[in-house]
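Worksheet: one structure, shown below.
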Amino acid sequence: MRHDPLIPMVAQVTDIRVDTPDVKTFRVVGLDGKKPFVHLPGQCAMLSMPGVGEALFSITSSPTNPDYLEFSIKKCGCVTDWLHAMEPGQQITLRGPYGNGFPVEGAFRGQDLLFIAGGIGLAPLRSVINYVRDNRDNYGAVDIVYGARSQADLVDYPEILEQWCREPGLDVHLTIDRAEPGWQGHVGFVPDYVRELGFATGKTAVICGPPVMIKFTLAALQEMGFRKEQVYTTMELRMKCGIGKCGRCNIGDQYVCKDGPVFRCDQLDRLPDEY
């Protein structure tokens, strides 16, 4: 039977990984023990618990993972408080996938890629980064710039050190906001670090993080000679119902849940200045 993304399915949380003091990664499968549905890098899904609430989250696992979905979730409200109190083996309801994805088989194919993330903003990019890693021959050189407030706030830090940093053709540049004991890496904010690294402008860039970080990072890229047509971002935080019915993600003539959440930055320039 074809899966209907409007109808919630019962799913099971099989593993919960603590990433940072306020971020956990949840591994989810269907009641049959299999991956609930197929998705694209950058798409989202709705997690809910009857009587508690529901919320939309980016799918952080790659579509190339055949066994499960993963969601890296920051504790910041009623639904996320409840999720963070869960234990492996508990059930939730799940529906999706929603939105469009990153053009990994279109505009990204054959390109050198630059991923720039701040804080929990790495979560939506992890899916596309691992997709690119699993299809390495289809892409050029890959650079990842990732920053957080502190070393403890770096999401997926073990995976970054043990896998990403050791992969040929993939360069990882980490930074934290302020110096701290034991940190031997770069210290400073992400936009300044991007300027310092001075990337060649032939790359396709993807930015995700707090709005202020995206604003100043985009400005830094433009100063370096990048065009907005080369830069992509995701606006999944604006998504609400996921199906274009509530209208709360509407910006001009666009619905983030249906026309996004992935947009090129020149596409955002055509929208009213309200996002």
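By order of appearance in the structure tokens: chains A, B, ..., then residues from 1 within every chain, and ligands from 1 in the order shown.
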What's around A:Leu154 at 7 Å? Count only C-alpha atoms, leave out sequence neighbours fewer than 4 positions away in its own chain, and write the answer as a list in words.
Thr20, Gly119, Ala148 and Ser150 of chain A
Determine, for each residue of stretch 75-100 of chain A having at least one atom at most 8 Å from an atom of stretch 50-58 of chain A, the closest pair of atoms and their separation in Å to one decimal, counting only C-alpha atoms; order by chain and ascending number, as a Markdown table.
| residue | atom | partner | partner_atom | distance |
| --- | --- | --- | --- | --- |
| A:Cys78 | CA | A:Val52 | CA | 7.7 |
| A:Val79 | CA | A:Gly53 | CA | 5.9 |
| A:Trp82 | CA | A:Val52 | CA | 7.8 |
Save the residues we just selected, N, CA and C atoms, as a CSV table (one decimal), in the first residue's frame?
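Result written to again.csv:
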chain,number,residue,atom,x,y,z
A,78,CYS,N,7.5,22.6,24.6
A,78,CYS,CA,6.6,21.5,25.2
A,78,CYS,C,6.9,20.2,24.5
A,79,VAL,N,6.8,20.1,23.2
A,79,VAL,CA,7.0,18.8,22.5
A,79,VAL,C,8.4,18.3,22.6
A,82,TRP,N,9.1,16.8,26.0
A,82,TRP,CA,8.6,15.5,26.1
A,82,TRP,C,9.4,14.5,25.4
Please measure the separation of atom CA of A:Leu114 and atom CA of A:Val142, giving the value in Å to one decimal.
5.9 Å
Which parts of stretch 18-263 of chain A does DSSP call alpha helix (DSSP H) when run on the backbone here, written out as a count of residues only?
52
Å distance separating atom CA of A:Lys203 from atom CA of A:Ile160, one decimal place:
21.3 Å
Could you pull the residues within 9 Å of A:Glu229, counting only C-alpha atoms, minus those fewer than 3 positions along the same chain, as a PyMOL selection string?
chain A and resi 204+226+232+264-267
Write out, as a short mmCIF file (atom, residue, chain, number, x, y, z; two decimals), in the first residue's frame, the residues just selected, with N, CA, C and O atoms.
data_model
loop_
_atom_site.label_atom_id
_atom_site.label_comp_id
_atom_site.auth_asym_id
_atom_site.auth_seq_id
_atom_site.Cartn_x
_atom_site.Cartn_y
_atom_site.Cartn_z
N THR A 204 29.44 25.80 -4.85
CA THR A 204 28.04 25.97 -4.48
C THR A 204 27.95 25.89 -2.97
O THR A 204 28.45 24.94 -2.37
N PHE A 226 30.87 35.54 -4.13
CA PHE A 226 29.81 34.58 -4.42
C PHE A 226 28.54 35.32 -4.86
O PHE A 226 28.21 36.39 -4.34
N TYR A 232 22.45 28.33 -1.18
CA TYR A 232 21.17 27.73 -0.79
C TYR A 232 21.03 27.78 0.73
O TYR A 232 22.02 27.76 1.47
N ARG A 264 17.10 28.86 -2.98
CA ARG A 264 18.30 29.63 -3.31
C ARG A 264 18.12 31.05 -2.78
O ARG A 264 17.00 31.56 -2.71
N CYS A 265 19.20 31.69 -2.41
CA CYS A 265 19.10 33.01 -1.79
C CYS A 265 18.56 34.07 -2.75
O CYS A 265 17.93 35.03 -2.31
N ASP A 266 18.77 33.90 -4.06
CA ASP A 266 18.18 34.86 -5.00
C ASP A 266 16.66 34.67 -5.07
O ASP A 266 15.93 35.63 -5.33
N GLN A 267 16.16 33.46 -4.81
CA GLN A 267 14.72 33.25 -4.76
C GLN A 267 14.10 33.97 -3.57
O GLN A 267 12.99 34.49 -3.66
#
